[in-house]
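Enquirer: Compact mmCIF, C-alpha atoms, file final-v6.txt:
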# COMPACT_ATOMS: atom_id res chain seq x y z
CA MET A 22 85.62 126.97 61.12
CA PRO A 23 86.05 126.32 64.89
CA THR A 24 89.47 125.65 66.38
CA PHE A 25 89.95 122.97 69.04
CA ARG A 26 92.67 122.20 71.55
CA VAL A 27 92.96 118.40 71.78
CA ILE A 28 94.96 116.75 74.56
CA ILE A 29 96.36 113.40 73.45
CA THR A 30 97.84 111.21 76.17
CA ARG A 31 100.08 108.13 76.26
CA ASP A 32 100.65 106.14 79.41
CA VAL A 33 104.21 105.56 80.56
CA THR A 34 105.69 103.79 83.54
CA GLU A 35 108.29 105.23 85.85
CA SER A 36 110.53 103.55 88.39
CA THR A 37 112.63 104.49 91.36
CA VAL A 38 115.00 102.38 93.46
CA ILE A 39 114.63 102.31 97.24
CA GLU A 40 117.03 100.34 99.40
CA VAL A 41 115.78 98.93 102.69
CA GLU A 42 116.86 96.34 105.22
CA ALA A 43 114.36 93.56 105.91
CA GLU A 44 114.16 89.88 106.79
CA THR A 45 111.72 88.90 104.02
CA LYS A 46 110.61 90.14 100.60
CA GLU A 47 107.22 91.05 102.05
CA GLN A 48 108.81 93.13 104.79
CA ALA A 49 111.09 94.76 102.21
CA GLU A 50 108.08 95.75 100.10
CA THR A 51 106.29 97.24 103.11
CA ALA A 52 109.41 99.09 104.22
CA ALA A 53 110.05 100.42 100.71
CA PHE A 54 106.52 101.84 100.40
CA ALA A 55 106.82 103.40 103.85
CA LYS A 56 110.14 105.00 102.90
CA LEU A 57 108.66 106.20 99.58
CA HIS A 58 105.65 107.81 101.26
CA ALA A 59 107.89 109.51 103.83
CA SER A 60 110.19 110.94 101.16
CA THR A 61 109.83 114.42 99.71
CA ASP A 62 112.59 114.12 97.12
CA THR A 63 112.19 110.74 95.43
CA GLU A 64 113.58 110.78 91.89
CA TRP A 65 111.63 108.89 89.24
CA GLU A 66 112.86 107.84 85.80
CA ILE A 67 110.76 106.83 82.81
CA ASP A 68 111.26 103.14 82.14
CA GLU A 69 113.20 102.42 78.97
CA GLY A 70 110.83 101.79 76.08
CA SER A 71 107.79 102.76 78.13
CA TRP A 72 107.26 106.11 76.41
CA ASN A 73 106.31 104.64 73.03
CA GLN A 74 104.66 101.33 73.91
CA SER A 75 101.09 102.35 74.72
CA GLY A 76 98.41 103.58 72.39
CA ALA A 77 97.51 107.26 72.38
CA TYR A 78 94.05 108.39 73.50
CA VAL A 79 92.22 111.70 73.89
CA THR A 80 91.88 113.03 77.43
CA GLY A 81 90.34 116.39 76.65
CA ILE A 82 88.94 118.59 73.90
CA ASP A 83 88.25 122.31 74.30
CA GLN A 84 86.95 124.64 71.63
CA THR A 85 89.29 127.62 71.57
CA SER A 86 87.55 129.79 68.98
CA ASN A 87 84.48 129.89 66.75
As structure tokens, how would this structure be written, given the file I've shared?
Expert:
Amino acid sequence: MPTFRVIITRDVTESTVIEVEAETKEQAETAAFAKLHASTDTEWEIDEGSWNQSGAYVTGIDQTSN
């Protein structure tokens, strides 16, 4: 009987906090994205409860032996 390697995936969300100075919320959002894209060491954390809230789905199947 063949053997298969099945990759099962769940989506999670992650967050990071970026502090910026700005005059409006819109400017703060733009500045935060700019700071994020310029960073090489941003630390992300999985959002509480995120890891078990989405349904699982298959993202790959490979036959590993016959």
Enquirer: Within 7 Å of A:Asn87, counting all atoms listed in the file, which residues qualify if same-chain residues fewer than 5 places away don't, as a list of chain:residue names?
Expert: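 Those residues are A:Met22, A:Pro23, A:Thr24.
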Enquirer: In Å, how far is it from atom CA of A:Gly76 to atom CA of A:Arg26?
Expert: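 Value for the atom CA of A:Gly76-atom CA of A:Arg26 distance: 19.5 Å.
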Enquirer: Do you know which residues are at most 7 Å from stretch 30-40 of chain A counting only C-alpha atoms, after dropping those on the same chain fewer than 6 positions away, and could you put them as a ChimeraX atom specification?
Expert: /A:53,64-68,71-72,75-80
Enquirer: Go through A:Asp83, A:Asp62, A:Glu44, A:Glu50 and flag the residue nearest A:Phe25, using all atoms listed in the file for the distances.
Expert: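 Closest candidate: A:Asp83.
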Enquirer: Because the input lacks atoms here, generate N, CA and C atoms for stretch 53-82 of chain A and report them as an mmCIF file, keeping the file's coordinate frame.
Expert:
data_model
loop_
_atom_site.group_PDB
_atom_site.id
_atom_site.type_symbol
_atom_site.label_atom_id
_atom_site.label_comp_id
_atom_site.auth_asym_id
_atom_site.auth_seq_id
_atom_site.Cartn_x
_atom_site.Cartn_y
_atom_site.Cartn_z
ATOM 1 N N ALA A 53 109.778 99.560 101.857
ATOM 2 C CA ALA A 53 110.050 100.420 100.710
ATOM 3 C C ALA A 53 108.905 101.403 100.472
ATOM 4 N N PHE A 54 107.661 100.931 100.563
ATOM 5 C CA PHE A 54 106.520 101.840 100.400
ATOM 6 C C PHE A 54 106.481 102.870 101.514
ATOM 7 N N ALA A 55 106.802 102.458 102.724
ATOM 8 C CA ALA A 55 106.820 103.400 103.850
ATOM 9 C C ALA A 55 107.883 104.476 103.613
ATOM 10 N N LYS A 56 109.048 104.056 103.158
ATOM 11 C CA LYS A 56 110.140 105.000 102.900
ATOM 12 C C LYS A 56 109.762 105.931 101.741
ATOM 13 N N LEU A 57 109.102 105.394 100.715
ATOM 14 C CA LEU A 57 108.660 106.200 99.580
ATOM 15 C C LEU A 57 107.673 107.275 100.037
ATOM 16 N N HIS A 58 106.676 106.876 100.822
ATOM 17 C CA HIS A 58 105.650 107.810 101.260
ATOM 18 C C HIS A 58 106.211 108.875 102.210
ATOM 19 N N ALA A 59 107.280 108.557 102.907
ATOM 20 C CA ALA A 59 107.890 109.510 103.830
ATOM 21 C C ALA A 59 108.852 110.468 103.124
ATOM 22 N N SER A 60 109.211 110.153 101.894
ATOM 23 C CA SER A 60 110.190 110.940 101.160
ATOM 24 C C SER A 60 109.552 112.151 100.478
ATOM 25 N N THR A 61 110.286 113.241 100.448
ATOM 26 C CA THR A 61 109.830 114.420 99.710
ATOM 27 C C THR A 61 110.681 114.696 98.480
ATOM 28 N N ASP A 62 111.688 113.861 98.248
ATOM 29 C CA ASP A 62 112.590 114.120 97.120
ATOM 30 C C ASP A 62 112.919 112.869 96.304
ATOM 31 N N THR A 63 111.964 111.953 96.214
ATOM 32 C CA THR A 63 112.190 110.740 95.430
ATOM 33 C C THR A 63 112.355 111.109 93.958
ATOM 34 N N GLU A 64 113.349 110.531 93.309
ATOM 35 C CA GLU A 64 113.580 110.780 91.890
ATOM 36 C C GLU A 64 113.066 109.603 91.083
ATOM 37 N N TRP A 65 112.219 109.901 90.106
ATOM 38 C CA TRP A 65 111.630 108.890 89.240
ATOM 39 C C TRP A 65 112.242 109.000 87.855
ATOM 40 N N GLU A 66 112.375 107.860 87.175
ATOM 41 C CA GLU A 66 112.860 107.840 85.800
ATOM 42 C C GLU A 66 111.877 107.054 84.944
ATOM 43 N N ILE A 67 111.628 107.559 83.738
ATOM 44 C CA ILE A 67 110.760 106.830 82.810
ATOM 45 C C ILE A 67 111.453 105.535 82.422
ATOM 46 N N ASP A 68 110.696 104.437 82.491
ATOM 47 C CA ASP A 68 111.260 103.140 82.140
ATOM 48 C C ASP A 68 111.599 103.090 80.662
ATOM 49 N N GLU A 69 112.752 102.514 80.359
ATOM 50 C CA GLU A 69 113.200 102.420 78.970
ATOM 51 C C GLU A 69 112.153 101.732 78.109
ATOM 52 N N GLY A 70 111.808 102.358 77.000
ATOM 53 C CA GLY A 70 110.830 101.790 76.080
ATOM 54 C C GLY A 70 109.398 102.058 76.459
ATOM 55 N N SER A 71 109.161 102.543 77.660
ATOM 56 C CA SER A 71 107.790 102.760 78.130
ATOM 57 C C SER A 71 107.098 103.873 77.356
ATOM 58 N N TRP A 72 107.845 104.898 76.987
ATOM 59 C CA TRP A 72 107.260 106.110 76.410
ATOM 60 C C TRP A 72 106.590 105.884 75.064
ATOM 61 N N ASN A 73 106.917 104.828 74.351
ATOM 62 C CA ASN A 73 106.310 104.640 73.030
ATOM 63 C C ASN A 73 105.608 103.297 72.881
ATOM 64 N N GLN A 74 105.249 102.661 73.981
ATOM 65 C CA GLN A 74 104.660 101.330 73.910
ATOM 66 C C GLN A 74 103.142 101.320 74.028
ATOM 67 N N SER A 75 102.541 102.374 74.543
ATOM 68 C CA SER A 75 101.090 102.350 74.720
ATOM 69 C C SER A 75 100.418 103.166 73.626
ATOM 70 N N GLY A 76 99.171 102.839 73.372
ATOM 71 C CA GLY A 76 98.410 103.580 72.390
ATOM 72 C C GLY A 76 98.033 104.961 72.911
ATOM 73 N N ALA A 77 97.900 105.905 72.011
ATOM 74 C CA ALA A 77 97.510 107.260 72.380
ATOM 75 C C ALA A 77 95.988 107.341 72.470
ATOM 76 N N TYR A 78 95.486 108.208 73.355
ATOM 77 C CA TYR A 78 94.050 108.390 73.500
ATOM 78 C C TYR A 78 93.781 109.845 73.908
ATOM 79 N N VAL A 79 92.606 110.317 73.608
ATOM 80 C CA VAL A 79 92.220 111.700 73.890
ATOM 81 C C VAL A 79 91.754 111.810 75.336
ATOM 82 N N THR A 80 92.289 112.804 76.049
ATOM 83 C CA THR A 80 91.880 113.030 77.430
ATOM 84 C C THR A 80 91.173 114.367 77.598
ATOM 85 N N GLY A 81 91.074 115.146 76.539
ATOM 86 C CA GLY A 81 90.340 116.390 76.650
ATOM 87 C C GLY A 81 90.247 117.109 75.317
ATOM 88 N N ILE A 82 89.128 117.766 75.088
ATOM 89 C CA ILE A 82 88.940 118.590 73.900
ATOM 90 C C ILE A 82 88.241 119.877 74.323
#
